[in-house]
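Everything on this sheet refers to the single structure shown next.
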Amino acid sequence: MREEFLWVEKYRPKTIDECILPKGLIKTFREFVDNKEIPNLLFSGTAGIGKTTVARALCEQLNTDYILINGSEESGIDILRNKIKTFASTVSLVGGSKVVILDEADYLNPQSTQPALRGFIEEFSKNCRFIFTCNFANRIISPLHSRCSVIEFRIDKKELPNIAASFMERVKNILDIESIEYDKQVVIELIGKYLPDWRRIINELQRYSAGGKIDVGILSSLLDMHLDQLVGYIKEQKFTDMRKWVVDNLDNDPNTLYRKLYDSLSELLKPQDIPKAVLMIADYSYKSAFVVDQEINLVACLTMLMHDCEFK
């Protein structure tokens, strides 16, 4: 099974106490478990920090029926209405309220789909609770905020060393179980580079454990591998995936990304479009020195490449 192969699923925490979170968040979620009741919730925070894991752990620890819907993949109102209505219209076999987990809710259309969800929350209030997860709370409309308890997943700098150390122990345990030889310092550097994106750290470790060993080579090849993913998204006109890639890779130096793209142009593009791409990259590389939002700048550059250039 796919979940047995993916470490992020195989080792996903099943209870709140297994989750690696700041003390304040652990206390809040323990109270939900002790009260045996989950309210409507809105989780916001950076990618991979544990929002979906906590939502699932709450449901599993309370033995609650739940459905997980990915808002970036199933964003149509009719799809959501049918799925939610089918799920909510039946009585839970284990008793209590059911839970709809709407993952990546900030990708839902704020003009149509998000307003419709206000009605869903009220229509199914007797039988269902809703947990929304998002990376950017400001992309969720105010009426949804007001219908949920908003919980921000944020790690204070004072707590970060202890949480990183706890995650290091978790990672060591996974690598030992999987019989992977590893350089401890390399794992520490990887955690330091990507924390608090725990999902990404585990995915990177699994990817580079294929040879049975994790050593310094992982650090030098990460960006090259990620650029291959990006190019695939651009060639296939997958704007949403490209935008997610940008969000996940903003911790890299923008100039390094632009340089990598520039160096790869002859391998990626039809010859007639290379000069055009050079001018685009030069323009957005220059702008990156003073723009307020690097994400918007990089997405704009990649969108132009996607739209105006022909790939091999």
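As shown in the structure tokens, the chain order sets the letters A, B, ...; within each chain, residues go from 1, and ligands are also counted from 1 in the order they appear.
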
Near A:Ala165, counting only C-alpha atoms, which residues have an atom at most 12 Å away, once you skip same-chain residues fewer than 5 positions from it, shown as a short mmCIF file (atom, residue, chain, number, x, y, z; two decimals) with C-alpha atoms, in the first residue's frame?
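Saved the output as out-v6.cif:
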data_model
loop_
_atom_site.label_atom_id
_atom_site.label_comp_id
_atom_site.auth_asym_id
_atom_site.auth_seq_id
_atom_site.Cartn_x
_atom_site.Cartn_y
_atom_site.Cartn_z
CA ILE A 20 5.65 17.47 18.07
CA LEU A 21 4.13 20.84 18.91
CA GLU A 159 10.79 26.72 21.92
CA LEU A 160 12.39 25.97 18.56
CA ARG A 170 11.85 11.06 15.98
CA VAL A 171 13.94 11.06 12.80
CA LYS A 172 16.68 8.91 14.37
CA VAL A 187 20.51 15.07 9.40
CA ILE A 188 20.92 17.99 11.82
CA ILE A 191 16.42 19.70 9.92
CA GLY A 192 17.92 23.16 10.43
CA LEU A 195 12.27 23.25 10.00
CA PRO A 196 9.45 23.54 10.89
#

Within 10 Å of stretch 63-67 of chain A, which residues of stretch 26-50 of chain A show up? Give each one with its shortest atom-to-atom distance in Å (one decimal) and the two atoms involved, counting only C-alpha atoms, rows by chain then rising residue number, as a Markdown table.
| residue | atom | partner | partner_atom | distance |
| --- | --- | --- | --- | --- |
| A:Lys36 | CA | A:Asn63 | CA | 9.7 |
| A:Glu37 | CA | A:Thr64 | CA | 9.7 |
| A:Ile38 | CA | A:Thr64 | CA | 9.5 |

Selection from above, N, CA and C atoms, as a short mmCIF file (atom, residue, chain, number, x, y, z; two decimals), in the first residue's frame, can you write it?
data_model
loop_
_atom_site.label_atom_id
_atom_site.label_comp_id
_atom_site.auth_asym_id
_atom_site.auth_seq_id
_atom_site.Cartn_x
_atom_site.Cartn_y
_atom_site.Cartn_z
N LYS A 36 -13.84 15.39 24.99
CA LYS A 36 -14.47 14.50 24.00
C LYS A 36 -15.37 15.26 23.02
N GLU A 37 -14.93 16.43 22.63
CA GLU A 37 -15.69 17.25 21.70
C GLU A 37 -14.75 18.09 20.85
N ILE A 38 -14.97 18.05 19.52
CA ILE A 38 -14.17 18.85 18.60
C ILE A 38 -15.05 19.97 18.06
#

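Shortest atom-to-atom contact with A:Ser89 among A:Ile121, A:Cys128, A:Ile140, A:Leu205: A:Cys128, counting only C-alpha atoms.
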
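The interatomic distance for the pair atom CA of A:Thr86 and atom CA of A:Glu9 works out to 26.2 Å.
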
Identify which of the residues A:Val292, A:Ala300, A:Leu80, A:Ile155 lies closest to A:Ile101, counting only C-alpha atoms when measuring atom-to-atom distances.
-> A:Leu80

Near A:Ala137, counting only C-alpha atoms, which residues have an atom at most 10 Å away, once you skip same-chain residues fewer than 4 positions from it, shown as a PyMOL selection string?
-> chain A and resi 42-45+105-106+133+141-142+145+150-152
